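I have placed the structure first, in the form of structure tokens, so that the comments after it can refer back to it.
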Amino acid sequence: MAVLLLGTLDTKGAEYAHVRDLVTAAGQEVVLLDVGVMGGGTLAPDIPASEVAEAGGASLEELRSAGDRGAALSAMAAGAARVARELYERGGLSGVLALGGSGGSSIAAAAMAALPVGLPKLLVSTMASGDVSAYVGQSDVTLMYSVVDVAGVNSISRQILGNAAAAIAAMAAAYDARFTEAGPSGEDRPLVAATMFGVTTPAVDAARARLEELGYEVIVFHATGSGGRAMEALTASGYFAGVLDLTTTELADDLVGGVLSAGPDRLTAAGAAGVPQVVSLGALDMVNFGPMDTVPARFRERNLLVHNPTVTLMRTTPEENAELGRRIGAKLAAATGPVVLFVPRGGVSAVDVPGGPFHDPAADAACFDAVLAAVAGTGVQVVESADDINRPAFAVSAADRLHELIQKGTA
């Protein structure tokens, strides 16, 4: 197994040669993959750019002659992703390291996104000090800011590149040991995904404890937008035997314009894949913003709650809750696998209970009525409870029902 060094060797040959020597000296084999389009570099790759371009559906000559940088980056990104995935599937990778500016980083990020969670991925980038969501996405990429441009090996970059080489070599060695000697931990237990927010933590903790008693490994995702997207991606990739989606709050941010949206495809992967799921309405009483002074002016007169210095919550209205109920119901009704909807009539979060700052029975009822109407007559099973979502009995019942669905599917 080897560390894949992926980059534009036509413009960054010296930097990659330096890193290659450091990684090799640390005891790791190296495979050099060239994603540069212009050619002319002095560092000979193990996998040439022409092969990468062909894997991306184009010839290198076509990309050069077209003079379209965007098209070239797209083709090389697609090709790099395909080549990297093939190397991994042949058992040839223990890690990936890339160095680059905006273009090289975008190609490297696409390749890293094609690789499974757990395989070490390190990207040294000039772009790593800003908004890095486009480079990270739902993958477990480690980003290192290059501080200076990736343009030569100098007294500053030598330190950064040295750290990067040491890091990927150590991660690769740990990966080799973990997967070639001991095997992945928890491989004998089926995985279950669960979604959690601060205001639904008691529910998920109780459900997780119950599922662990039943023999599952529970992977909890923080419902902060990126967490929901990661869960959807891993569910679509077949990681989970079941999904306990108690906290669907990200859909409220998607509807109203909060900062923690997971996008319109949230709550679709399990249904499309036929994965058993138990779903509830956790934290649909709120939309998330940053500090109070960042809340849009049009919302300043709404019911706002300072959750902490960096998070301000806004109570959803009956009209918003009704639309959320309709959207959730439609998604659940479209599922190809078994679905059970748990409705906590006592409240959908820790602050949506009698005496709580977001307690609003009319708003909750609007959501409950709409979602129940949307799933009526479909294959979605419904469990209604007078409890709030954080009552242990509610959470344990949801966990038990998911276990039943999974067991029926494997019988």
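Identifiers in this document derive from the order of the structure tokens: chains are assigned A, B, ..., residues are numbered from 1 separately in each chain, and ligands are numbered from 1 in order of occurrence.
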Problem set entry | Contacts of Gly7 in chain A within 8 Å, only C-alpha atoms, excl. fewer than 3 positions in-chain, as number ranges by chain | A: 12, 16, 33-36, 98-100, 104, 108
Restricting the output to N, CA and C atoms, write the selected residues as a PDB file, in the first residue's frame.
ATOM      1  N   LYS A  12       4.385  22.208 -10.231  1.00  0.00           N
ATOM      2  CA  LYS A  12       4.810  22.057  -8.845  1.00  0.00           C
ATOM      3  C   LYS A  12       5.695  20.827  -8.651  1.00  0.00           C
ATOM      4  N   TYR A  16       6.600  18.681  -5.123  1.00  0.00           N
ATOM      5  CA  TYR A  16       6.212  17.273  -4.992  1.00  0.00           C
ATOM      6  C   TYR A  16       7.425  16.363  -4.857  1.00  0.00           C
ATOM      7  N   LEU A  33       0.730  10.922  -8.997  1.00  0.00           N
ATOM      8  CA  LEU A  33      -0.325  11.054  -9.989  1.00  0.00           C
ATOM      9  C   LEU A  33      -0.351  12.495 -10.487  1.00  0.00           C
ATOM     10  N   ASP A  34      -0.170  12.670 -11.783  1.00  0.00           N
ATOM     11  CA  ASP A  34      -0.088  14.007 -12.391  1.00  0.00           C
ATOM     12  C   ASP A  34      -1.451  14.442 -12.912  1.00  0.00           C
ATOM     13  N   VAL A  35      -1.928  15.592 -12.429  1.00  0.00           N
ATOM     14  CA  VAL A  35      -3.185  16.143 -12.940  1.00  0.00           C
ATOM     15  C   VAL A  35      -2.957  17.463 -13.669  1.00  0.00           C
ATOM     16  N   GLY A  36      -1.721  17.745 -14.005  1.00  0.00           N
ATOM     17  CA  GLY A  36      -1.414  18.959 -14.747  1.00  0.00           C
ATOM     18  C   GLY A  36      -1.736  18.806 -16.226  1.00  0.00           C
ATOM     19  N   ALA A  98      -2.066  16.090  -1.202  1.00  0.00           N
ATOM     20  CA  ALA A  98      -2.048  16.991  -2.346  1.00  0.00           C
ATOM     21  C   ALA A  98      -1.630  18.379  -1.896  1.00  0.00           C
ATOM     22  N   LEU A  99      -1.013  19.111  -2.799  1.00  0.00           N
ATOM     23  CA  LEU A  99      -0.597  20.493  -2.572  1.00  0.00           C
ATOM     24  C   LEU A  99      -1.166  21.331  -3.695  1.00  0.00           C
ATOM     25  N   GLY A 100      -1.706  22.506  -3.389  1.00  0.00           N
ATOM     26  CA  GLY A 100      -2.211  23.286  -4.501  1.00  0.00           C
ATOM     27  C   GLY A 100      -2.803  24.620  -4.143  1.00  0.00           C
ATOM     28  N   GLY A 104      -5.707  23.381  -8.269  1.00  0.00           N
ATOM     29  CA  GLY A 104      -5.212  22.088  -7.823  1.00  0.00           C
ATOM     30  C   GLY A 104      -5.985  21.553  -6.633  1.00  0.00           C
ATOM     31  N   ALA A 108      -7.941  17.959  -6.316  1.00  0.00           N
ATOM     32  CA  ALA A 108      -7.611  17.056  -5.214  1.00  0.00           C
ATOM     33  C   ALA A 108      -8.837  16.764  -4.359  1.00  0.00           C
TER      34      ALA A 108
END
Exercise. Got a sec to tell me which of range 76-265 of chain A DSSP assigns to strand (DSSP E), as an NGL selection string?
Worked result: :A and (93-100 or 121-125 or 142-145 or 191-196 or 217-222 or 242-245)
Exercise. So which one's closest to Ala49 in chain A, A:Val19, A:Ala167, A:Leu6, A:Leu119? Using only C-alpha atoms, please.
Worked result: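 Looking only at the distances to Ala49 in chain A, the closest residue turns out to be A:Leu6.
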For this session: Determine, counting only C-alpha atoms, which protein, DNA and RNA residues have an atom within 12 Å of an atom of Ala110 in chain A; residues of the same chain fewer than 2 positions away are not included. Present the result as a PyMOL selection string.
Result: chain A and resi 6+35+56+73-85+98+103-108+112-115+121+123+134-139+141
Can I get the selected residues back with N, CA and C atoms, as a compact mmCIF listing (two decimals), in the first residue's frame?
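Resulting contents of selection_23.txt:
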# COMPACT_ATOMS: atom_id res chain seq x y z
N LEU A 6 -0.90 13.55 -5.27
CA LEU A 6 -1.74 13.95 -6.39
C LEU A 6 -1.58 15.44 -6.62
N VAL A 35 -1.93 15.59 -12.43
CA VAL A 35 -3.19 16.14 -12.94
C VAL A 35 -2.96 17.46 -13.67
N GLY A 56 -11.25 10.91 -17.24
CA GLY A 56 -12.24 11.95 -17.10
C GLY A 56 -13.04 12.22 -18.35
N LEU A 73 -10.21 21.69 -15.72
CA LEU A 73 -10.25 21.34 -14.30
C LEU A 73 -11.32 20.30 -14.02
N SER A 74 -12.48 20.46 -14.66
CA SER A 74 -13.57 19.51 -14.44
C SER A 74 -13.20 18.12 -14.92
N ALA A 75 -12.58 18.05 -16.11
CA ALA A 75 -12.21 16.75 -16.66
C ALA A 75 -11.13 16.07 -15.81
N MET A 76 -10.15 16.85 -15.38
CA MET A 76 -9.08 16.26 -14.57
C MET A 76 -9.58 15.87 -13.18
N ALA A 77 -10.53 16.64 -12.65
CA ALA A 77 -11.11 16.27 -11.35
C ALA A 77 -11.86 14.95 -11.45
N ALA A 78 -12.66 14.81 -12.52
CA ALA A 78 -13.40 13.56 -12.70
C ALA A 78 -12.45 12.39 -12.91
N GLY A 79 -11.41 12.61 -13.69
CA GLY A 79 -10.44 11.54 -13.94
C GLY A 79 -9.66 11.18 -12.70
N ALA A 80 -9.25 12.18 -11.93
CA ALA A 80 -8.49 11.92 -10.71
C ALA A 80 -9.34 11.13 -9.71
N ALA A 81 -10.62 11.49 -9.60
CA ALA A 81 -11.51 10.77 -8.70
C ALA A 81 -11.63 9.30 -9.10
N ARG A 82 -11.76 9.08 -10.39
CA ARG A 82 -11.91 7.70 -10.87
C ARG A 82 -10.63 6.89 -10.65
N VAL A 83 -9.50 7.48 -10.98
CA VAL A 83 -8.23 6.77 -10.82
C VAL A 83 -7.95 6.48 -9.35
N ALA A 84 -8.18 7.48 -8.49
CA ALA A 84 -7.93 7.29 -7.06
C ALA A 84 -8.82 6.19 -6.50
N ARG A 85 -10.07 6.19 -6.91
CA ARG A 85 -11.00 5.17 -6.41
C ARG A 85 -10.55 3.78 -6.86
N ALA A 98 -2.07 16.09 -1.20
CA ALA A 98 -2.05 16.99 -2.35
C ALA A 98 -1.63 18.38 -1.90
N GLY A 103 -7.13 25.89 -8.13
CA GLY A 103 -7.40 24.87 -9.14
C GLY A 103 -6.95 23.49 -8.71
N GLY A 104 -5.71 23.38 -8.27
CA GLY A 104 -5.21 22.09 -7.82
C GLY A 104 -5.99 21.55 -6.63
N SER A 105 -6.40 22.46 -5.74
CA SER A 105 -7.18 22.03 -4.58
C SER A 105 -8.53 21.48 -4.98
N SER A 106 -9.15 22.08 -6.00
CA SER A 106 -10.45 21.59 -6.44
C SER A 106 -10.35 20.21 -7.05
N ILE A 107 -9.28 19.94 -7.79
CA ILE A 107 -9.08 18.61 -8.36
C ILE A 107 -8.82 17.60 -7.25
N ALA A 108 -7.94 17.96 -6.32
CA ALA A 108 -7.61 17.06 -5.21
C ALA A 108 -8.84 16.76 -4.36
N MET A 112 -10.41 13.15 -3.40
CA MET A 112 -10.55 12.73 -2.01
C MET A 112 -11.99 12.40 -1.66
N ALA A 113 -12.93 13.14 -2.24
CA ALA A 113 -14.35 12.88 -1.97
C ALA A 113 -14.78 11.52 -2.49
N ALA A 114 -14.06 10.99 -3.48
CA ALA A 114 -14.40 9.68 -4.04
C ALA A 114 -13.88 8.53 -3.18
N LEU A 115 -13.12 8.85 -2.16
CA LEU A 115 -12.51 7.82 -1.32
C LEU A 115 -13.28 7.69 0.00
N LYS A 121 -6.58 11.64 4.31
CA LYS A 121 -6.60 12.58 3.19
C LYS A 121 -6.11 13.92 3.70
N LEU A 123 -4.81 17.80 2.51
CA LEU A 123 -4.71 18.79 1.44
C LEU A 123 -4.04 20.04 1.98
N ALA A 134 -16.42 24.00 0.12
CA ALA A 134 -16.37 23.43 -1.23
C ALA A 134 -15.31 22.35 -1.36
N TYR A 135 -14.27 22.43 -0.55
CA TYR A 135 -13.19 21.45 -0.61
C TYR A 135 -13.44 20.25 0.31
N VAL A 136 -14.11 20.48 1.43
CA VAL A 136 -14.34 19.40 2.38
C VAL A 136 -15.59 18.61 2.04
N GLY A 137 -16.70 19.32 1.76
CA GLY A 137 -17.95 18.63 1.47
C GLY A 137 -18.31 17.70 2.60
N GLN A 138 -18.58 16.43 2.25
CA GLN A 138 -18.92 15.44 3.27
C GLN A 138 -17.79 14.45 3.54
N SER A 139 -16.59 14.76 3.07
CA SER A 139 -15.47 13.85 3.26
C SER A 139 -14.65 14.26 4.47
N VAL A 141 -11.59 15.16 4.90
CA VAL A 141 -10.33 15.76 4.45
C VAL A 141 -9.72 16.58 5.58
Exercise. So which residues touch Leu63 in chain A within 6 Å, counting only C-alpha atoms, skipping near sequence neighbours fewer than 3 positions away, as an MDAnalysis selection string?
Worked result: chainID A and resid 60 66 72
Selection above as a file: N, CA and C atoms, as a PDB file, in the first residue's frame:
ATOM      1  N   LEU A  60      -5.825  14.593 -23.358  1.00  0.00           N
ATOM      2  CA  LEU A  60      -5.010  15.715 -22.899  1.00  0.00           C
ATOM      3  C   LEU A  60      -4.830  16.745 -24.011  1.00  0.00           C
ATOM      4  N   ALA A  66      -8.253  23.315 -26.388  1.00  0.00           N
ATOM      5  CA  ALA A  66      -9.497  24.051 -26.149  1.00  0.00           C
ATOM      6  C   ALA A  66      -9.238  25.356 -25.409  1.00  0.00           C
ATOM      7  N   ALA A  72     -11.070  22.026 -18.382  1.00  0.00           N
ATOM      8  CA  ALA A  72      -9.916  21.181 -18.100  1.00  0.00           C
ATOM      9  C   ALA A  72      -9.908  20.741 -16.631  1.00  0.00           C
TER      10      ALA A  72
END
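Shell of Asp149 in chain A at 9 Å, with only C-alpha atoms counted and residues fewer than 3 places along the chain excluded, is A:Gly100, A:Gly101, A:Ser125, A:Thr126, A:Ser146, A:Gly152, A:Ser157.
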For this session: Find the residue from A:Gly377, A:Val37, A:Asp400, A:Ala174 that sits nearest to Arg69 in chain A; use only C-alpha atoms when measuring.
Result: A:Val37
